[in-house]
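Since the structure comes first, as structure tokens, the remarks are kept for the end.
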There are 2 protein chains.
Amino acid sequence: MMIKLTKVTASAPGKVALFGEHAVVYGYPAMAGAIDRRVYVSVEERSDDLIKIHAMDLSVPGIVLTIGGTGKDVAVETDYRRIMDAVGYVRKAIEVTSNICDLKKGVTVHIRSEMPVGAGLGTSAAVSVATIMAYSAVGGHALNSEEVSALGHRVELEVQGAASPMDSAVAAHGGILLIRPMLREASLTPVKAELGLPLVVGYTPRECGTGEMLRRVRNLRDAAPESVDSILCSIGKVVSEADSAMRSGDLRRVGMLMNVNHGLLESLGVSTKKINEMVYSARSAGALGSKLTGAGGGGCMISLCPDREAEVMTAISVAGGTAFISSISSRGVCIEKGESI
Amino acid sequence: MMIKLTKVTASAPGKVALFGEHAVVYGYPAMAGAIDRRVYVSVEERSDDLIKIHAMDLSVPGIVLTIGGTGKDVAVETDYRRIMDAVGYVRKAIEVTSNICDLKKGVTVHIRSEMPVGAGLGTSAAVSVATIMAYSAVGGHALNSEEVSALGHRVELEVQGAASPMDSAVAAHGGILLIRPMLREASLTPVKAELGLPLVVGYTPRECGTGEMLRRVRNLRDAAPESVDSILCSIGKVVSEADSAMRSGDLRRVGMLMNVNHGLLESLGVSTKKINEMVYSARSAGALGSKLTGAGGGGCMISLCPDREAEVMTAISVAGGTAFISSISSRGVCIEKGESI
């Protein structure tokens, strides 16, 4: 007998782009890993057709938003732009899942995040993916992680205009993935690193959002097409060499290639003075490699620093960032809890 | 009647690498310009076969070195490593010129520099080129700037092991040159920029010398050949696009490409925390573009900043550098003064 679930909590991990961000948007490979900090989304069926979203527990001021069944906002209890962005992903995730699963339900959504939001840790993809998983489960559908990944990417595309398939794939599958974008969809290969990857993640508030950073690279490419295309190609080469270093467990080489990748991102104009200071401080404190991660314009940087985690955390703090120790996690999107009436 | 000169003073300009440093060593084009600060070398015939070198006026403690005709040092009155480096170029320049011109003279050499030595401003090439010009003139030979440039490059190659042909060419010819290294020698094309190039040069003591920085890039290339070859190729593309921007007088585009080139140098691991701070501070103060110049590891950075020279100088000083306003000069190596007994 199938039990009908009325409340489902799904979670999805945050991600760090290890190699290849930005270039992946132009068809080059990239490597990203799921981290051990997650986003939790619970979806509960309502008796009306409203969608009510609670995001009280994010690392930014909370919000309660009630959306009418027609898609028209009926009540915003607080209004902060960054939260509105996050809420945009939830709305779109529900819309996309509704269409695919032929599902139309009023729901109450609760979102909780263990990591900073909008910092380049793929929280928007994690929220999207976890929402898709939980909402479809409430509707009685069991999507597999391939399907959730593809729908998550569609949500990101529709909300942002352009998006890497990386974030949604990592949020859905977990672990480290090598992503090769293809004409119609991305090919995903799990990377089994021989050794663990001891990371310190440093965070600083972003000066610009992902969409703006993607636009900047596109504008730079319009202005200097030969240079930028060659740089994007160079990033692709770094990813290939990093893949081989990762598979052979050569952390020193992985770190060296992180440094190279950081410079290439710098040449695309997506780093900031503050992120550079954090990156250089981490290297001085003994990191094997350090780079910005994600779209840039502030946000997060990562350092590979076996046995030097504490020193690197301190160095990043002194440079004005917030840092936490993290590790790669193999857990992709999953249902944490399902309840029936 | 030909007058025999017994004392000749020659001068040669310093240079800034505008685009393409490091990649030029691997066969890609580069662009460099002579600046309005010069090195002066006077060579005076002696009655014995000694070579006596005075470098009292460099921006480092002075030295008097007397070298026996056999090449064996006989008297070092002070001994500072950086000066010994400069003196190495003078000795080699005299040796190379002696062989080419079939000339064997004891001489007293006086060196004076208007710019910091060993900072990436091409002082070693300027010293070499000016020494070749002055020493050959004392021997009754009139070398043209092509010949002086080629000999200067040979001096740099023999002293350093590896060297870009850029520095000696700019010291010999002046102006802005686009250099395309060929199999046997470099092809040089003057770049007639439509507009002047208002530069601010920032300086910080170097952590490593040119030879060490060249080795580092070579080691990085050995470790990650595909990535580094692709990056060197990208630098070549930047140089081509900068050449077209320069010829059309589009300073904004020139500045943008300087920023791109800086990131690529960063990816090769030749920048430093301090240089990056100076580069970012200059950009914040309104520079159209800013990059390290020369081999890196500290040394100099340049900023393109029309009408913002004072602000950018201040910003670089606040970031801990020493700055001066400079301009591109069309004067190559030349004889300032010839005296006969």
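Residue numbering restarts at 1 in every chain; chains get A, B, ... in the order shown in the structure tokens, and ligands count up from 1 in that same order.
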
Using only C-alpha atoms and a cut-off of 8 Å, which residues of chain A sit close to chain B? Please list them as a PyMOL selection string. chain A and resi 223-224+226-228+230-231+233-235+237-238+241+253+257+259-269+273+276-277+280

I need the residues in segment 1-37 of chain B that are strand (DSSP E or B) according to DSSP; give them as a compact mmCIF listing (two decimals) with all heavy atoms, in the first residue's frame.
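Listing of states-v4.txt after writing:
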```
# COMPACT_ATOMS: atom_id res chain seq x y z
N LYS B 7 87.00 59.30 -24.47
CA LYS B 7 85.96 59.15 -23.43
C LYS B 7 84.60 59.38 -24.07
O LYS B 7 84.38 60.42 -24.69
CB LYS B 7 86.19 60.15 -22.30
CG LYS B 7 85.15 60.02 -21.18
CD LYS B 7 85.42 60.92 -20.00
CE LYS B 7 84.32 60.76 -18.96
NZ LYS B 7 84.47 61.70 -17.84
N VAL B 8 83.73 58.42 -23.92
CA VAL B 8 82.40 58.52 -24.52
C VAL B 8 81.33 58.22 -23.46
O VAL B 8 81.47 57.26 -22.69
CB VAL B 8 82.24 57.51 -25.69
CG1 VAL B 8 80.81 57.50 -26.21
CG2 VAL B 8 83.21 57.83 -26.82
N THR B 9 80.31 59.07 -23.42
CA THR B 9 79.16 58.79 -22.56
C THR B 9 77.96 58.44 -23.44
O THR B 9 77.60 59.21 -24.32
CB THR B 9 78.81 60.01 -21.69
OG1 THR B 9 79.95 60.35 -20.91
CG2 THR B 9 77.64 59.71 -20.76
N ALA B 10 77.40 57.25 -23.19
CA ALA B 10 76.19 56.84 -23.91
C ALA B 10 75.07 56.67 -22.90
O ALA B 10 75.31 56.41 -21.72
CB ALA B 10 76.42 55.53 -24.66
N SER B 11 73.85 56.85 -23.37
CA SER B 11 72.71 56.63 -22.47
C SER B 11 71.69 55.73 -23.16
O SER B 11 71.66 55.65 -24.39
CB SER B 11 72.06 57.95 -22.09
OG SER B 11 71.35 58.47 -23.18
N ALA B 12 70.90 55.07 -22.36
CA ALA B 12 69.82 54.24 -22.90
C ALA B 12 68.64 54.31 -21.94
O ALA B 12 68.82 54.44 -20.73
CB ALA B 12 70.29 52.79 -23.07
N PRO B 13 67.42 54.23 -22.50
CA PRO B 13 66.23 54.38 -21.65
C PRO B 13 65.86 53.09 -20.91
O PRO B 13 66.17 51.99 -21.37
CB PRO B 13 65.13 54.70 -22.68
CG PRO B 13 65.56 53.97 -23.91
CD PRO B 13 67.07 54.05 -23.92
N GLY B 14 65.18 53.27 -19.80
CA GLY B 14 64.52 52.13 -19.15
C GLY B 14 63.30 51.75 -19.96
O GLY B 14 62.90 52.46 -20.89
N LYS B 15 62.71 50.63 -19.63
CA LYS B 15 61.53 50.19 -20.38
C LYS B 15 60.45 49.70 -19.42
O LYS B 15 60.73 49.30 -18.28
CB LYS B 15 61.88 49.08 -21.37
CG LYS B 15 62.14 47.70 -20.74
CD LYS B 15 61.03 46.71 -21.00
CE LYS B 15 60.75 45.72 -19.90
NZ LYS B 15 61.69 45.31 -18.93
N VAL B 16 59.23 49.78 -19.89
CA VAL B 16 58.16 49.04 -19.22
C VAL B 16 57.60 48.04 -20.20
O VAL B 16 57.40 48.35 -21.37
CB VAL B 16 57.03 49.96 -18.69
CG1 VAL B 16 57.51 50.75 -17.48
CG2 VAL B 16 56.52 50.90 -19.77
N ALA B 17 57.42 46.83 -19.74
CA ALA B 17 56.72 45.84 -20.55
C ALA B 17 55.25 46.22 -20.49
O ALA B 17 54.65 46.26 -19.41
CB ALA B 17 56.94 44.45 -19.99
N LEU B 18 54.66 46.56 -21.61
CA LEU B 18 53.25 46.94 -21.64
C LEU B 18 52.37 45.69 -21.71
O LEU B 18 51.36 45.60 -21.03
CB LEU B 18 52.97 47.85 -22.85
CG LEU B 18 53.69 49.22 -22.77
CD1 LEU B 18 53.66 49.92 -24.12
CD2 LEU B 18 53.05 50.10 -21.71
N PHE B 19 52.79 44.73 -22.52
CA PHE B 19 52.04 43.48 -22.68
C PHE B 19 53.00 42.35 -23.03
O PHE B 19 53.98 42.56 -23.75
CB PHE B 19 51.01 43.61 -23.83
CG PHE B 19 49.91 44.58 -23.55
CD1 PHE B 19 49.99 45.88 -24.03
CD2 PHE B 19 48.81 44.21 -22.79
CE1 PHE B 19 48.97 46.79 -23.77
CE2 PHE B 19 47.80 45.12 -22.52
CZ PHE B 19 47.87 46.41 -23.01
N ALA B 30 55.22 40.45 -27.87
CA ALA B 30 55.14 41.26 -26.67
C ALA B 30 55.24 42.72 -27.07
O ALA B 30 55.68 43.03 -28.18
CB ALA B 30 56.28 40.91 -25.71
N MET B 31 54.79 43.58 -26.16
CA MET B 31 54.88 45.01 -26.45
C MET B 31 55.51 45.72 -25.27
O MET B 31 55.12 45.50 -24.13
CB MET B 31 53.48 45.57 -26.70
CG MET B 31 53.50 46.94 -27.35
SD MET B 31 51.86 47.64 -27.40
CE MET B 31 51.06 46.48 -28.49
N ALA B 32 56.51 46.55 -25.57
CA ALA B 32 57.20 47.26 -24.51
C ALA B 32 57.47 48.68 -24.97
O ALA B 32 57.52 48.95 -26.17
CB ALA B 32 58.50 46.56 -24.16
N GLY B 33 57.64 49.57 -24.01
CA GLY B 33 57.91 50.96 -24.36
C GLY B 33 59.07 51.50 -23.57
O GLY B 33 59.28 51.14 -22.41
N ALA B 34 59.85 52.37 -24.22
CA ALA B 34 60.94 53.05 -23.53
C ALA B 34 60.34 54.18 -22.70
O ALA B 34 59.39 54.84 -23.13
CB ALA B 34 61.91 53.62 -24.55
N ILE B 35 60.87 54.39 -21.50
CA ILE B 35 60.36 55.48 -20.66
C ILE B 35 61.38 56.62 -20.62
O ILE B 35 62.48 56.52 -21.17
CB ILE B 35 59.99 55.01 -19.24
CG1 ILE B 35 61.19 54.37 -18.52
CG2 ILE B 35 58.81 54.03 -19.31
CD1 ILE B 35 60.93 54.06 -17.05
N ASP B 36 60.95 57.71 -19.98
CA ASP B 36 61.79 58.91 -20.00
C ASP B 36 62.85 58.93 -18.88
O ASP B 36 63.40 59.97 -18.57
CB ASP B 36 60.90 60.16 -19.93
CG ASP B 36 59.99 60.15 -18.72
OD1 ASP B 36 60.03 59.16 -17.95
OD2 ASP B 36 59.20 61.09 -18.55
N ARG B 37 63.10 57.80 -18.27
CA ARG B 37 64.21 57.70 -17.31
C ARG B 37 65.30 56.84 -17.93
O ARG B 37 65.01 55.82 -18.53
CB ARG B 37 63.73 57.08 -16.00
CG ARG B 37 62.55 57.82 -15.41
CD ARG B 37 62.77 58.12 -13.97
NE ARG B 37 61.73 59.00 -13.47
CZ ARG B 37 61.62 59.36 -12.20
NH1 ARG B 37 62.49 58.90 -11.31
NH2 ARG B 37 60.67 60.18 -11.80
```

Write out as number ranges by chain the set of residues from segment 70-269 of chain B that DSSP, computed on the backbone, places in helix (DSSP H, G or I). B: 81-101, 123-138, 145-160, 166-173, 210-223, 225-247, 251-267

Based on the selection just made, write C-alpha atoms of those residues as a compact mmCIF listing (two decimals), in the first residue's frame.
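Saved to again.txt:
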```txt
# COMPACT_ATOMS: atom_id res chain seq x y z
CA ARG B 81 75.04 41.49 -4.53
CA ARG B 82 72.69 43.67 -6.53
CA ILE B 83 75.55 45.84 -7.68
CA MET B 84 77.58 42.78 -8.58
CA ASP B 85 74.67 41.79 -10.80
CA ALA B 86 74.75 45.16 -12.57
CA VAL B 87 78.52 44.94 -12.86
CA GLY B 88 78.15 41.51 -14.43
CA TYR B 89 76.31 43.08 -17.35
CA VAL B 90 79.03 45.71 -17.83
CA ARG B 91 81.78 43.08 -17.84
CA LYS B 92 79.89 40.87 -20.28
CA ALA B 93 79.00 43.85 -22.50
CA ILE B 94 82.69 44.78 -22.73
CA GLU B 95 83.68 41.17 -23.41
CA VAL B 96 81.08 40.71 -26.16
CA THR B 97 81.92 44.04 -27.79
CA SER B 98 85.65 43.26 -27.59
CA ASN B 99 85.11 40.03 -29.51
CA ILE B 100 82.85 41.54 -32.17
CA CYS B 101 84.94 44.67 -32.72
CA THR B 123 68.04 48.62 -16.25
CA SER B 124 70.30 45.65 -16.95
CA ALA B 125 69.56 45.89 -20.68
CA ALA B 126 69.96 49.67 -20.59
CA VAL B 127 73.34 49.32 -18.86
CA SER B 128 74.41 46.62 -21.33
CA VAL B 129 73.31 48.57 -24.39
CA ALA B 130 74.80 51.87 -23.23
CA THR B 131 78.07 50.12 -22.33
CA ILE B 132 78.25 48.46 -25.76
CA MET B 133 77.60 51.80 -27.48
CA ALA B 134 80.16 53.72 -25.42
CA TYR B 135 82.87 51.04 -25.41
CA SER B 136 82.64 50.43 -29.18
CA ALA B 137 82.78 54.20 -29.82
CA VAL B 138 85.95 54.50 -27.75
CA SER B 145 70.98 50.38 -32.98
CA GLU B 146 70.16 47.01 -34.60
CA GLU B 147 73.66 45.77 -33.81
CA VAL B 148 73.60 47.21 -30.30
CA SER B 149 70.22 45.58 -29.67
CA ALA B 150 71.48 42.17 -30.82
CA LEU B 151 74.67 42.41 -28.75
CA GLY B 152 72.66 43.61 -25.75
CA HIS B 153 70.42 40.55 -26.01
CA ARG B 154 73.48 38.29 -26.18
CA VAL B 155 74.83 39.90 -22.99
CA GLU B 156 71.54 39.31 -21.20
CA LEU B 157 71.40 35.71 -22.42
CA GLU B 158 74.93 34.98 -21.24
CA VAL B 159 74.50 36.63 -17.83
CA GLN B 160 71.00 35.30 -17.07
CA MET B 166 62.45 42.85 -25.54
CA ASP B 167 64.55 44.78 -23.05
CA SER B 168 67.63 45.22 -25.20
CA ALA B 169 65.54 46.12 -28.26
CA VAL B 170 63.64 48.84 -26.43
CA ALA B 171 66.82 50.19 -24.81
CA ALA B 172 68.42 50.35 -28.27
CA HIS B 173 65.49 51.69 -30.32
CA THR B 210 64.48 37.76 -13.10
CA GLY B 211 66.33 34.46 -13.48
CA GLU B 212 64.38 32.93 -10.60
CA MET B 213 61.05 34.14 -12.02
CA LEU B 214 61.88 32.72 -15.45
CA ARG B 215 62.76 29.41 -13.79
CA ARG B 216 59.48 29.39 -11.88
CA VAL B 217 57.45 29.75 -15.04
CA ARG B 218 59.50 27.03 -16.67
CA ASN B 219 58.92 24.73 -13.69
CA LEU B 220 55.21 25.47 -13.71
CA ARG B 221 55.17 24.66 -17.43
CA ASP B 222 56.93 21.35 -16.76
CA ALA B 223 54.34 20.53 -14.09
CA PRO B 225 52.31 21.83 -19.71
CA GLU B 226 48.90 22.02 -21.35
CA SER B 227 47.57 24.70 -19.03
CA VAL B 228 50.70 26.83 -19.15
CA ASP B 229 51.11 26.58 -22.93
CA SER B 230 47.50 27.64 -23.29
CA ILE B 231 48.04 30.58 -20.92
CA LEU B 232 51.15 31.68 -22.85
CA CYS B 233 49.06 31.52 -26.02
CA SER B 234 46.35 33.60 -24.34
CA ILE B 235 48.94 36.24 -23.49
CA GLY B 236 49.86 36.29 -27.18
CA LYS B 237 46.21 36.97 -28.06
CA VAL B 238 46.06 39.80 -25.53
CA VAL B 239 49.15 41.34 -27.16
CA SER B 240 47.53 41.21 -30.62
CA GLU B 241 44.34 42.80 -29.40
CA ALA B 242 46.33 45.41 -27.46
CA ASP B 243 48.30 46.22 -30.60
CA SER B 244 45.10 46.98 -32.47
CA ALA B 245 43.70 48.99 -29.54
CA MET B 246 46.95 50.95 -29.32
CA ARG B 247 47.00 51.72 -33.04
CA LEU B 251 43.00 53.87 -24.26
CA ARG B 252 40.02 52.37 -22.47
CA ARG B 253 40.50 49.11 -24.36
CA VAL B 254 44.26 49.24 -23.79
CA GLY B 255 43.57 49.55 -20.06
CA MET B 256 41.07 46.70 -20.05
CA LEU B 257 43.62 44.47 -21.76
CA MET B 258 46.27 45.46 -19.21
CA ASN B 259 43.95 44.13 -16.51
CA VAL B 260 43.45 40.89 -18.44
CA ASN B 261 47.21 40.53 -18.93
CA HIS B 262 47.79 41.05 -15.20
CA GLY B 263 45.52 38.13 -14.37
CA LEU B 264 47.35 35.90 -16.82
CA LEU B 265 50.68 36.79 -15.20
CA GLU B 266 49.03 36.05 -11.88
CA SER B 267 48.06 32.61 -13.18
```

Could you work out how far atom CA of Gly294 of chain A lies from atom CA of Val43 of chain A, giving the answer in Å with one decimal? 28.2 Å

Ranking A:Leu50, A:Gly299, A:Val41, A:Val109 by minimum distance to Glu207 of chain A and counting only C-alpha atoms, which one comes first?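 When distances to Glu207 of chain A are compared using only C-alpha atoms, the smallest one comes from A:Gly299.
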